[in-house]
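One file, final-v9.pdb, is given below (PDB, C-alpha atoms and all ligand atoms).
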ATOM      1  CA  MET A1115      -8.536  -0.205 -33.165  1.00  0.00           C
ATOM      2  CA  LEU A1116      -4.793   0.340 -32.861  1.00  0.00           C
ATOM      3  CA  LYS A1117      -3.643  -3.132 -33.800  1.00  0.00           C
ATOM      4  CA  LEU A1118      -0.273  -1.668 -34.774  1.00  0.00           C
ATOM      5  CA  PHE A1119       0.655  -1.492 -31.102  1.00  0.00           C
ATOM      6  CA  ARG A1120       0.032  -5.171 -30.448  1.00  0.00           C
ATOM      7  CA  ARG A1121       3.652  -6.121 -30.884  1.00  0.00           C
ATOM      8  CA  ARG A1122       3.859  -7.963 -27.575  1.00  0.00           C
ATOM      9  CA  LYS A1123       2.829 -11.546 -27.299  1.00  0.00           C
ATOM     10  CA  GLY A1124       0.674 -12.639 -24.433  1.00  0.00           C
ATOM     11  CA  LEU A1125      -1.673 -10.261 -22.672  1.00  0.00           C
ATOM     12  CA  SER A1126      -2.474  -6.736 -23.769  1.00  0.00           C
ATOM     13  CA  CYS A1127      -2.281  -3.842 -21.326  1.00  0.00           C
ATOM     14  CA  ASP A1128      -6.077  -3.780 -21.072  1.00  0.00           C
ATOM     15  CA  GLN A1129      -6.179  -7.440 -20.187  1.00  0.00           C
ATOM     16  CA  VAL A1130      -3.437  -7.000 -17.595  1.00  0.00           C
ATOM     17  CA  LEU A1131      -5.148  -4.041 -15.929  1.00  0.00           C
ATOM     18  CA  GLU A1132      -8.365  -6.021 -15.857  1.00  0.00           C
ATOM     19  CA  VAL A1133      -6.851  -8.792 -13.764  1.00  0.00           C
ATOM     20  CA  LEU A1134      -4.172  -6.765 -11.987  1.00  0.00           C
ATOM     21  CA  GLN A1135      -5.925  -6.585  -8.637  1.00  0.00           C
ATOM     22  CA  SER A1136      -6.767 -10.265  -8.648  1.00  0.00           C
ATOM     23  CA  TYR A1137      -3.179 -10.958  -9.633  1.00  0.00           C
ATOM     24  CA  LEU A1138      -1.807  -8.951  -6.693  1.00  0.00           C
ATOM     25  CA  ASP A1139      -4.264 -10.658  -4.380  1.00  0.00           C
ATOM     26  CA  GLY A1140      -3.117 -14.044  -5.686  1.00  0.00           C
ATOM     27  CA  GLU A1141      -6.608 -14.838  -6.870  1.00  0.00           C
ATOM     28  CA  ILE A1142      -5.917 -15.899 -10.456  1.00  0.00           C
ATOM     29  CA  ASP A1143      -4.632 -19.157 -11.858  1.00  0.00           C
ATOM     30  CA  ALA A1144      -0.909 -19.714 -12.208  1.00  0.00           C
ATOM     31  CA  GLY A1145      -1.002 -19.638 -16.018  1.00  0.00           C
ATOM     32  CA  THR A1146      -2.549 -16.175 -16.124  1.00  0.00           C
ATOM     33  CA  ALA A1147      -0.332 -15.005 -13.274  1.00  0.00           C
ATOM     34  CA  ASN A1148       2.732 -16.000 -15.306  1.00  0.00           C
ATOM     35  CA  LYS A1149       1.480 -14.066 -18.319  1.00  0.00           C
ATOM     36  CA  VAL A1150       0.781 -11.016 -16.167  1.00  0.00           C
ATOM     37  CA  ALA A1151       4.217 -11.249 -14.577  1.00  0.00           C
ATOM     38  CA  ALA A1152       5.815 -11.517 -18.010  1.00  0.00           C
ATOM     39  CA  HIS A1153       3.886  -8.483 -19.214  1.00  0.00           C
ATOM     40  CA  LEU A1154       4.815  -6.420 -16.135  1.00  0.00           C
ATOM     41  CA  ASP A1155       8.399  -7.353 -16.824  1.00  0.00           C
ATOM     42  CA  GLU A1156       8.438  -5.633 -20.180  1.00  0.00           C
ATOM     43  CA  CYS A1157       5.720  -2.993 -19.816  1.00  0.00           C
ATOM     44  CA  THR A1158       6.681   0.006 -17.677  1.00  0.00           C
ATOM     45  CA  ASP A1159       3.149   1.421 -17.661  1.00  0.00           C
ATOM     46  CA  CYS A1160       1.551  -1.676 -16.212  1.00  0.00           C
ATOM     47  CA  ASP A1161       4.470  -2.197 -13.867  1.00  0.00           C
ATOM     48  CA  LEU A1162       3.923   1.305 -12.465  1.00  0.00           C
ATOM     49  CA  GLU A1163       0.228   0.610 -12.145  1.00  0.00           C
ATOM     50  CA  ALA A1164       0.966  -2.592 -10.258  1.00  0.00           C
ATOM     51  CA  GLY A1165       3.292  -0.675  -7.938  1.00  0.00           C
ATOM     52  CA  VAL A1166       0.550   1.828  -7.138  1.00  0.00           C
ATOM     53  CA  TYR A1167      -1.943  -0.916  -6.339  1.00  0.00           C
ATOM     54  CA  ASP A1168       0.634  -2.633  -4.212  1.00  0.00           C
ATOM     55  CA  ARG A1169       1.383   0.544  -2.240  1.00  0.00           C
ATOM     56  CA  ILE A1170      -2.313   1.143  -1.608  1.00  0.00           C
ATOM     57  CA  ARG A1171      -2.714  -2.423  -0.412  1.00  0.00           C
ATOM     58  CA  THR A1172       0.300  -2.142   1.863  1.00  0.00           C
ATOM     59  CA  SER A1173      -0.786   1.132   3.425  1.00  0.00           C
ATOM     60  CA  LEU A1174      -4.284  -0.191   3.991  1.00  0.00           C
ATOM     61  CA  ALA A1175      -2.846  -3.251   5.696  1.00  0.00           C
ATOM     62  CA  ALA A1176      -0.554  -1.099   7.828  1.00  0.00           C
ATOM     63  CA  ARG A1177      -3.476   0.945   9.027  1.00  0.00           C
ATOM     64  CA  VAL A1178      -5.187  -1.992  10.714  1.00  0.00           C
ATOM     65  CA  GLU A1179      -3.247  -1.469  13.939  1.00  0.00           C
ATOM     66  CA  PRO A1180      -2.572   2.284  14.239  1.00  0.00           C
ATOM     67  CA  VAL A1181      -1.133   2.853  17.735  1.00  0.00           C
ATOM     68  CA  ASP A1182      -0.680   0.473  20.609  1.00  0.00           C
ATOM     69  CA  ALA A1183      -3.485   0.981  23.116  1.00  0.00           C
ATOM     70  CA  GLY A1184      -1.150   0.753  26.121  1.00  0.00           C
ATOM     71  CA  VAL A1185       1.117   3.463  24.735  1.00  0.00           C
ATOM     72  CA  MET A1186      -1.853   5.689  24.099  1.00  0.00           C
ATOM     73  CA  SER A1187      -3.266   5.357  27.623  1.00  0.00           C
ATOM     74  CA  SER A1188       0.078   6.002  29.336  1.00  0.00           C
ATOM     75  CA  LEU A1189       0.575   9.047  27.123  1.00  0.00           C
ATOM     76  CA  GLU A1190      -2.880  10.231  28.080  1.00  0.00           C
ATOM     77  CA  SER A1191      -2.341   9.823  31.814  1.00  0.00           C
ATOM     78  CA  PHE A1192       1.055  11.517  31.577  1.00  0.00           C
ATOM     79  CA  GLY A1193      -0.590  14.401  29.743  1.00  0.00           C
ATOM     80  CA  ALA A1194      -3.284  14.580  32.402  1.00  0.00           C
ATOM     81  CA  ARG A1195      -0.706  14.707  35.221  1.00  0.00           C
ATOM     82  CA  LEU A1196       1.206  17.447  33.401  1.00  0.00           C
ATOM     83  CA  ALA A1197      -1.990  19.458  33.026  1.00  0.00           C
ATOM     84  CA  ALA A1198      -2.738  19.018  36.731  1.00  0.00           C
ATOM     85  CA  GLY A1199       0.787  20.052  37.749  1.00  0.00           C
ATOM     86  CA  ASP A1200       1.225  16.687  39.395  1.00  0.00           C
ATOM     87  CA  ILE A1201       4.829  16.083  38.360  1.00  0.00           C
ATOM     88  CA  PRO A1202       7.227  15.420  41.238  1.00  0.00           C
ATOM     89  CA  ASP A1203      10.576  17.336  41.522  1.00  0.00           C
ATOM     90  CA  SER A1204       9.436  20.094  39.246  1.00  0.00           C
ATOM     91  CA  ASP A1205       8.131  22.737  41.609  1.00  0.00           C
ATOM     92  CA  PRO A1206      10.658  25.588  41.998  1.00  0.00           C
ATOM     93  CA  ASP A1207       8.065  27.826  43.673  1.00  0.00           C
ATOM     94  CA  GLU A1208       8.760  26.562  47.174  1.00  0.00           C
ATOM     95  CA  THR A1209      10.980  28.953  49.016  1.00  0.00           C
TER      96      THR A1209
HETATM   97 ZN    ZN A1301       1.116  -3.054 -20.253  1.00  0.00          ZN
END
Show me the file's structure as structure tokens.
Ligand SMILES: [Zn+2]
Amino acid sequence: MLKLFRRRKGLSCDQVLEVLQSYLDGEIDAGTANKVAAHLDECTDCDLEAGVYDRIRTSLAARVEPVDAGVMSSLESFGARLAAGDIPDSDPDET
């Protein structure tokens, strides 16, 4: 037990990491959230950890709608016309 390192009041790093995900999801009570926020304020390690979680959450959320379906289908039909040589004003072989 390294009690020497418990110089901070409030939550310990272990306690913060335990509730970090719930904290970021807004699923803990305001009192605990305040303590976590205060800890993140003065603890670089936990703050970094919170940033990583937050980035993962954000990128997962961003992946819900990857590409607009309309854009994809017009790209596909354009690609198909190119492959079939069906592009107007681009046939120099007519002499
Ligand atoms: Zn910490």
Can you check which parts of chain A lie within 9 Å of ligand ZN 1301 (chain A)? Per residue, the shortest pair of atoms and distance in Å to one decimal, counting all atoms listed in the file, sorted by chain and number, as JSON lines.
{"residue": "A:Leu1125", "atom": "CA", "partner": "A:ZN1301", "partner_atom": "ZN", "distance": 8.1}
{"residue": "A:Ser1126", "atom": "CA", "partner": "A:ZN1301", "partner_atom": "ZN", "distance": 6.2}
{"residue": "A:Cys1127", "atom": "CA", "partner": "A:ZN1301", "partner_atom": "ZN", "distance": 3.6}
{"residue": "A:Asp1128", "atom": "CA", "partner": "A:ZN1301", "partner_atom": "ZN", "distance": 7.3}
{"residue": "A:Gln1129", "atom": "CA", "partner": "A:ZN1301", "partner_atom": "ZN", "distance": 8.5}
{"residue": "A:Val1130", "atom": "CA", "partner": "A:ZN1301", "partner_atom": "ZN", "distance": 6.6}
{"residue": "A:Leu1131", "atom": "CA", "partner": "A:ZN1301", "partner_atom": "ZN", "distance": 7.7}
{"residue": "A:Val1150", "atom": "CA", "partner": "A:ZN1301", "partner_atom": "ZN", "distance": 9.0}
{"residue": "A:His1153", "atom": "CA", "partner": "A:ZN1301", "partner_atom": "ZN", "distance": 6.2}
{"residue": "A:Leu1154", "atom": "CA", "partner": "A:ZN1301", "partner_atom": "ZN", "distance": 6.5}
{"residue": "A:Glu1156", "atom": "CA", "partner": "A:ZN1301", "partner_atom": "ZN", "distance": 7.8}
{"residue": "A:Cys1157", "atom": "CA", "partner": "A:ZN1301", "partner_atom": "ZN", "distance": 4.6}
{"residue": "A:Thr1158", "atom": "CA", "partner": "A:ZN1301", "partner_atom": "ZN", "distance": 6.9}
{"residue": "A:Asp1159", "atom": "CA", "partner": "A:ZN1301", "partner_atom": "ZN", "distance": 5.6}
{"residue": "A:Cys1160", "atom": "CA", "partner": "A:ZN1301", "partner_atom": "ZN", "distance": 4.3}
{"residue": "A:Asp1161", "atom": "CA", "partner": "A:ZN1301", "partner_atom": "ZN", "distance": 7.3}
{"residue": "A:Glu1163", "atom": "CA", "partner": "A:ZN1301", "partner_atom": "ZN", "distance": 8.9}
Å distance separating atom CA of A:Ala1164 from atom CA of A:Leu1134, one decimal place:
6.8 Å
If we count all atoms listed in the file and set the cut-off at 12 Å, which residues sit around A:Ser1191, ignoring sequence neighbours fewer than 6 positions away in its own chain? Please answer as a PyMOL selection string.
chain A and resi 1184-1185+1197-1198+1200-1201
Write a file of the selected residues as a compact mmCIF listing (two decimals), keeping the file's coordinate frame, keeping C-alpha atoms.
# COMPACT_ATOMS: atom_id res chain seq x y z
CA GLY A 1184 -1.15 0.75 26.12
CA VAL A 1185 1.12 3.46 24.74
CA ALA A 1197 -1.99 19.46 33.03
CA ALA A 1198 -2.74 19.02 36.73
CA ASP A 1200 1.23 16.69 39.40
CA ILE A 1201 4.83 16.08 38.36
Computed gap from atom CA of A:Ser1187 to atom CA of A:Arg1171 is 29.1 Å
Between atom CA of A:Ile1170 and atom CA of A:Gly1140, what is the distance, to one decimal in Å?
15.7 Å
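Distances to A:Asn1148 were evaluated for A:Asp1168, A:Gly1124, A:Gln1135, A:Asp1182 using only C-alpha atoms, and the minimum falls at A:Gly1124.
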Counting only C-alpha atoms, the residue of A:Leu1189, A:Asp1139, A:Thr1146, A:Arg1195 that sits nearest A:Thr1172:
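Counting only C-alpha atoms, the residue closest to A:Thr1172 is A:Asp1139.
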